Each structure stands twice: as structure tokens, then as C-alpha cells.
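Only one structure is covered here, and it is reproduced in the block below.
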Amino acid sequence: MLNIQYLREHPEAARAALARRHTDIPLDELLAADAQRRTLLQETEGLKAQLNEASKRMGQIKDKTSADFERARGELRELGDRVKVLDAQVTSVEATSLELSLTIPNLPHQSVPEGEDEHGNVTLRTEGTPRTFDFTPQPHWDIAEKLDIIDFQRGVKLSGSRFYVLKGAAAKLQRAIIAWMLDYHAANGYVEIYPPALVKGEVMTGAGQLPKFFDNLYRDAEEDLFLIPTAEVPLTNLYRDEILAAEKLPIYHVACTPCFRREKVSAGRDVRGIKRVHQFEKVEMYKFVDPATSYDELERMLAEAEQLCRLLDIPHRVLALCTGDLGFAATKTYDIEIWAPGSQEWLEVSSVSNTEDFQARRANIRYRPEPSARPVHPHTLNGSGLALPRTMIAILENYQEADGTVVVPEVLRGYLGGMAKIG
């Protein structure tokens with residue numbers, strides 16, 4: 001949520017920044033509703049002052065049967081009725097203002113490149129040399145079926161399209177990847193969290209998922225709970241409605257959770273395999289930091305995610321997302337993509353973002369810079385570190401052998417009891 005005071009005082013700057021997102025945003029409607037709310041509040045406060053004066057005057061009339069007393073009582077009743085009407089109008093306008101404010105995305109940072117959609121994203125660097133094969137590399141769905149480690153048909157039988165079943169070595173490999181990544185982040189100072197996968201609607205709102213992404217979320221209507229699309233959602237809200245002591249910052253958390261998304265995609269090459277599915281695992285980094293350090297923290301988070309790709313010895317590239325492809329809550333985002341030679345494409349395995357105080361404001365998270373200081377909002381950052389199953393795809397395709405087996409990356413063998421090869 002944006003700071004309404006900033007929007008009031010700098011409407012043109014906000015309008016110009018939001019225009020960079022290349023989408024319709026109801027900023028003018030919000031400013032109009034906010035102006036109406038303030039006018040109504042001022043009028044209500046004036047009437048309430050008159051109501052207090054009228055009440056005092058009536059109390060000073062000793063003869064409760066006199067005409068003066070009746071006139072004073074009538075005036076008091078009339079003022080009270082007008083205050084009730086205005087209070088109702090204020091409540092209505094406040095609800096409209098809140099509804100509008102929740103639909104307005106974050107302002108892009110000035111360093112974010114201009115662009116209308118993903119075609120405007122900028123590749124900052126590419127690291128690693130794609131492996132040269134002396135055979136035609138296979139896509140992961142063919143590798144997995146031949147090794148009998150992913151069962152696509154039974155995934156569909158159990159849950160429908162875009163679900164799958166990991167078997168044997170694949171299930172163990174995913175567990176090993178997750179354990180390795182969690183240990184890596186713990187060594188970098190992140191405290192591991194295991195949050196619920198079902199959360200309240202206000203938790204989704206605090207993270208910026210509602211109301212915008214309602215249609216992409218799975219929901220238990222009876223309990224009014226939502227399945228999380230990412231661990232970012234519960235991690236954002238861990239300190240909801242709290243005031244943190246300054247010495248607690250920075251706070252680093254990491255979590256691995258299942259992620260559930262109803263996202264609809266067009267038919268095509270994404271249909272095959274496990275690239276775009278409705279349920280997957282993801283290791284998520286999250287930070288609550290002093291606003292003065294948040295962009296340094298963003299670069300550090302990016303470096304930590306990149307290092308995982310280096311340790312896996314898989315080529316990767318870093319993209320700066322443009323204004324038109326920026327996520328709703330983000331002010332600046334980097335994507336990390338790794339190379340999948342069998343699928344012949346770059347796969348996003350991490351998205352690292354600074355949301356500044358946007359999520360903290362929505363979730364009412366504050367801290368005191370000094371013991372007696374007025375509470376302010378920290379900045380929050382989130383990043384995949386990394387996402388499954390695309391990390392799994394890249395491993396299967398980059399480490400495949402001509403005989404159909406898959407070599408296990410060196411960094412994962414200790415998590416697999418020394419297993420060096422699958423198949």
C-alpha cells in the first residue's frame with residue numbers, strides 16, 4: 001500500500017511513476033475519494049463541536065418544561081441526526097478509499113528499465129558455459145519417464161492436468177535439493193520458518209495478493225482460508241500489527257513450503273513436463289530491514305540466489321525486470337534464469353524483489369528507530385532461493401548422460417547418501 005500522504009503531496013510524481021507500469025491504475029479516483037473523506041471529516045468535526053455546545057446550553061436551562069428547553073432539545077436532535085448521516089458517509093467513503101488503495105501497485109524504482117512487458121526486460125549478465133553434448137540432449141519429461149522417476153499420468157489421475165507424482169530417486173533428489181538450500185541460507189544468517197500453508201484473507205491482503213490475484217488463488221470457502229501461492233505470504237505477515245524494536249532489524253527468514261497457483265496458461269510447449277504446474281515446492285528468502293539499507297540488502301539477496309546456481313554448476317543469467325513486467329508489490333526486481341538444454345530454454349528459478357514499505361504498510365508492521373521514536377515501517381524483501389521444480393528440470397537436463405542416466409551434482413551427493421548417479 002502506498003503512503004496516502006505522499007500521494008496527496010506529490011500527485012504528479014506518483015502519476016508519472018505509475019504511468020511507467022503501462023496499465024490502468026485508479027489513482028485519480030483514490031485521490032478524489034480521499035479528498036471527499038477529508039472534507040466530510042472536517043464537516044463532521046464541526047457539527048460535533050456544535051453538538052457539544054448545544055448540549056451544554058440545554059444543560060444550563062433550569063426549567064425543563066420551558067419553550068427554551070424544547071427548542072434546545074430540538075436543535076440537539078437535529079444536529080445529532082446530521083452527525084449520524086455524515087458518519088455514515090465517512091464510513092462509506094473510507095471503505096471506497098481503502099478498496100481503491102489496495103488495487104494500486106507499488107511505484108517503480110527510478111533504476112528500473114522502461115518497458116511495456118517481458119520483452120523490455122534487460123539481461124544484466126550471463127555466467128557459465130552451456131555444456132556441449134555428443135548426443136542430442138533430451139527434455140526432462142523424456143528423461144524422467146525413461147528412468148521411471150516422475151509419473152505424469154498418475155498425477156493427472158489423482159488431481160487433473162498440471163499435477164505430477166515424483167517417484168524414487170526424483171522424490172529423494174527434490175528433498176536433497178531443498179535440504180541443501182535451507183542449510184545454505186541458514187549458514188548465511190537466515191532463520192528457518194515452517195509456516196502454515198493455509199492463511200486468512202487479511203494475510204493475503206497484507207502480502208499484496210488480494211484483491212488483485214483472487215482468481216489465481218485456491219480457497220477453502222467454508223473456512224475462508226487460502227492456500228498460499230508462495231511462502232512470501234505468511235512470512236510477510238509474521239509480525240503483522242506489531243511494533244518491532246530497532247535492534248531486531250535486520251530480520252532474515254527462510255522457508256520451504258508447497259505453493260499453490262490456479263494460473264491459467266495457453267496451450268503450447270509449457271504443457272509438457274513440470275515447468276508450469278499448480279503445486280510445487282519453493283525455498284523462499286525474506287527480509288525485514290532498515291529502509292536505508294534495503295537496496296544493499298537486495299543486491300546481497302540476489303548474490304545469495306546466484307551462488308546456488310554456481311554451486312550447481314549450471315549456466316544462469318540475471319535479468320532486471322522492466323516497469324511493465326514488475327510484480328504488483330515490487331519496486332525493483334531481478335530474475336535469475338538457468339539454462340535447460342533439453343527443453344532449449346532459460347527457466348526462471350528465482351525472482352528477487354524489494355517492496356520497500358509497501359507490504360509492511362499493508363500488514364501494519366512497524367519498528368522504532370530509537371526507543372522513544374515514532375514507529376515507522378521497515379522495508380521488506382523477498383526472493384526465491386530457489387524454486388522447485390525448475391531447479392530439478394535444469395539438473396536432469398544439464399547432467400543427463402547418453403545412456404539415459406543422470407549424474408548427481410557434487411554439492412547434493414552428501415544429501416543423497418553419496419549417490420553419484422540416477423539410473
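In the C-alpha cells, each chain is lettered A, B, ... as it comes, each chain's residues begin at 1, and ligands are numbered from 1 in order of appearance.
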Who sits within 8 Å of segment 45-60 of chain A, only C-alpha atoms, same chain under 3 positions skipped, as a ChimeraX atom specification:
/A:41-42,69,72-73,75-76,79-80,82-83
Keeping only N, CA and C atoms, take the residues you just selected and write them out as an mmCIF file, in the first residue's frame.
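What follows is the written file again.cif:
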data_model
loop_
_atom_site.group_PDB
_atom_site.id
_atom_site.type_symbol
_atom_site.label_atom_id
_atom_site.label_comp_id
_atom_site.auth_asym_id
_atom_site.auth_seq_id
_atom_site.Cartn_x
_atom_site.Cartn_y
_atom_site.Cartn_z
ATOM 1 N N LEU A 41 -14.908 14.618 6.990
ATOM 2 C CA LEU A 41 -14.406 14.578 8.358
ATOM 3 C C LEU A 41 -14.381 15.966 8.983
ATOM 4 N N GLN A 42 -13.949 16.940 8.186
ATOM 5 C CA GLN A 42 -13.903 18.318 8.685
ATOM 6 C C GLN A 42 -15.308 18.814 9.018
ATOM 7 N N PHE A 69 -36.158 25.160 26.558
ATOM 8 C CA PHE A 69 -35.615 23.809 26.685
ATOM 9 C C PHE A 69 -36.030 22.946 25.494
ATOM 10 N N ALA A 72 -33.990 23.913 22.486
ATOM 11 C CA ALA A 72 -32.624 23.385 22.610
ATOM 12 C C ALA A 72 -32.585 21.885 22.339
ATOM 13 N N ARG A 73 -33.584 21.171 22.835
ATOM 14 C CA ARG A 73 -33.629 19.734 22.605
ATOM 15 C C ARG A 73 -33.848 19.426 21.120
ATOM 16 N N GLU A 75 -32.913 21.368 18.630
ATOM 17 C CA GLU A 75 -31.646 21.675 17.947
ATOM 18 C C GLU A 75 -30.652 20.529 18.135
ATOM 19 N N LEU A 76 -30.615 20.007 19.369
ATOM 20 C CA LEU A 76 -29.693 18.908 19.656
ATOM 21 C C LEU A 76 -30.034 17.674 18.835
ATOM 22 N N LEU A 79 -28.998 18.290 15.140
ATOM 23 C CA LEU A 79 -27.551 18.168 14.956
ATOM 24 C C LEU A 79 -27.105 16.717 15.043
ATOM 25 N N GLY A 80 -27.674 15.967 15.997
ATOM 26 C CA GLY A 80 -27.329 14.556 16.144
ATOM 27 C C GLY A 80 -27.669 13.754 14.910
ATOM 28 N N ARG A 82 -27.852 14.909 11.840
ATOM 29 C CA ARG A 82 -26.929 15.290 10.772
ATOM 30 C C ARG A 82 -25.566 14.635 10.964
ATOM 31 N N VAL A 83 -25.124 14.523 12.222
ATOM 32 C CA VAL A 83 -23.846 13.865 12.501
ATOM 33 C C VAL A 83 -23.918 12.392 12.111
#
Listing only residues of segment 350-413 of chain A within 12 Å of segment 204-224 of chain A, what is the closest atom pair and its distance in Å (to one decimal) for each, using only C-alpha atoms, sorted by chain and residue number ascending, as a Markdown table?
| residue | atom | partner | partner_atom | distance |
| --- | --- | --- | --- | --- |
| A:Thr355 | CA | A:Ala207 | CA | 10.1 |
| A:Asp357 | CA | A:Ala207 | CA | 11.3 |
| A:Phe358 | CA | A:Gly208 | CA | 8.5 |
| A:Gln359 | CA | A:Ala207 | CA | 5.6 |
| A:Ala360 | CA | A:Gly206 | CA | 7.6 |
| A:Arg361 | CA | A:Gly206 | CA | 8.1 |
| A:Arg362 | CA | A:Gly206 | CA | 4.8 |
| A:Ala363 | CA | A:Gly206 | CA | 4.4 |
| A:Asn364 | CA | A:Gly206 | CA | 8.1 |
| A:Ile365 | CA | A:Gly206 | CA | 9.7 |
| A:Thr380 | CA | A:Ala207 | CA | 10.3 |
| A:Leu381 | CA | A:Ala207 | CA | 11.3 |
| A:Asn382 | CA | A:Ala207 | CA | 10.8 |
Give me the residues near segment 97-99 of chain A as a compact mmCIF listing (two decimals) with N, CA and C atoms, in the first residue's frame, where near means some atom within 8 Å (using only C-alpha atoms) and where sequence neighbours in that chain fewer than 3 positions away do not count.
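Written file, out_23.txt:
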# COMPACT_ATOMS: atom_id res chain seq x y z
N LEU A 30 -8.76 7.41 -6.34
CA LEU A 30 -8.35 7.35 -4.95
C LEU A 30 -8.17 8.75 -4.38
N ALA A 33 -11.55 10.33 -3.76
CA ALA A 33 -12.21 9.74 -2.59
C ALA A 33 -11.55 10.22 -1.30
N ASP A 34 -10.23 10.33 -1.32
CA ASP A 34 -9.52 10.80 -0.13
C ASP A 34 -9.87 12.25 0.17
N VAL A 93 -17.13 6.37 2.39
CA VAL A 93 -16.01 6.90 1.60
C VAL A 93 -14.70 6.28 2.04
N GLU A 94 -14.55 6.02 3.34
CA GLU A 94 -13.33 5.36 3.82
C GLU A 94 -13.20 3.96 3.25
N LEU A 102 -5.97 -0.51 -2.20
CA LEU A 102 -5.47 -1.89 -2.27
C LEU A 102 -5.28 -2.38 -3.71
N THR A 103 -5.79 -1.63 -4.68
CA THR A 103 -5.63 -2.02 -6.08
C THR A 103 -4.48 -1.30 -6.78
So which bits of segment 94-284 of chain A end up alpha helix (DSSP H) when you DSSP the backbone, as a ChimeraX atom specification?
/A:94-101,140-147,152-159,168-187,201-207,232-236
Which residues are near Cys309 of chain A? Cut-off 10 Å, only C-alpha atoms, ignore same chain within fewer than 3 positions. Put them as a list in words.
Glu127, Gly128, Glu304, Ala305, Glu306, Leu312, Asp313, Ile314, Pro315, His316, Arg317, Ile336, Glu337, Ile338, Val349, Gly385, Leu386 and Thr391 of chain A
So which residues touch Pro291 of chain A within 12 Å, counting only C-alpha atoms, skipping near sequence neighbours fewer than 3 positions away, as a ChimeraX atom specification?
/A:246,249-250,287-288,294-298,354-358,360,366-367,369,376-381
Could you give me, as a tab-separated table, a per-residue list for segment 101-176 of chain A showing, wherever an atom lies at most 7 Å from an atom of segment 271-283 of chain A, the closest pair of atoms and their distance in Å to one decimal, using only C-alpha atoms and sorting by chain then residue number from low to high?
residue	atom	partner	partner_atom	distance
A:His140	CA	A:Gly273	CA	6.9
A:Trp141	CA	A:Gly273	CA	5.0
A:Arg162	CA	A:Val277	CA	4.7
A:Phe163	CA	A:Val277	CA	6.1
Please dump the current selection as an mmCIF file, in the first residue's frame; keep C-alpha atoms.
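So the final result, stored in selection-v5.cif, reads:
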data_model
loop_
_atom_site.group_PDB
_atom_site.id
_atom_site.type_symbol
_atom_site.label_atom_id
_atom_site.label_comp_id
_atom_site.auth_asym_id
_atom_site.auth_seq_id
_atom_site.Cartn_x
_atom_site.Cartn_y
_atom_site.Cartn_z
ATOM 1 C CA HIS A 140 13.254 -33.667 -18.680
ATOM 2 C CA TRP A 141 9.888 -35.336 -19.314
ATOM 3 C CA ARG A 162 -0.605 -29.885 -14.429
ATOM 4 C CA PHE A 163 -0.097 -32.232 -11.485
#
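Between atom CA of Thr129 of chain A and atom CA of Leu347 of chain A the separation is 15.7 Å.
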Pick out the residues sitting within 8 Å of segment 3-15 of chain A, and hand them over as a list in words; count only C-alpha atoms, and ignore anything fewer than 6 positions along from it in its own chain.
Leu27, Leu31, Leu107 and Arg361 of chain A
Dump of C-alpha atoms for the selected residues, as a CSV table (one decimal), in the first residue's frame:
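Output file part.csv follows:
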chain,number,residue,atom,x,y,z
A,27,LEU,CA,-5.0,6.9,-8.8
A,31,LEU,CA,-7.3,11.0,-4.6
A,107,LEU,CA,5.9,2.8,-7.5
A,361,ARG,CA,2.3,-0.7,5.4
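Going from atom CA of Val203 of chain A over to atom CA of Glu232 of chain A, you cover 10.5 Å.
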Within 10 Å of segment 180-197 of chain A, counting only C-alpha atoms, which residues qualify if same-chain residues fewer than 5 places away don't, as a PyMOL selection string?
chain A and resi 174-175+225-231+233-235+238+251-260+283-287+304-305+307-308+385-386+411-415
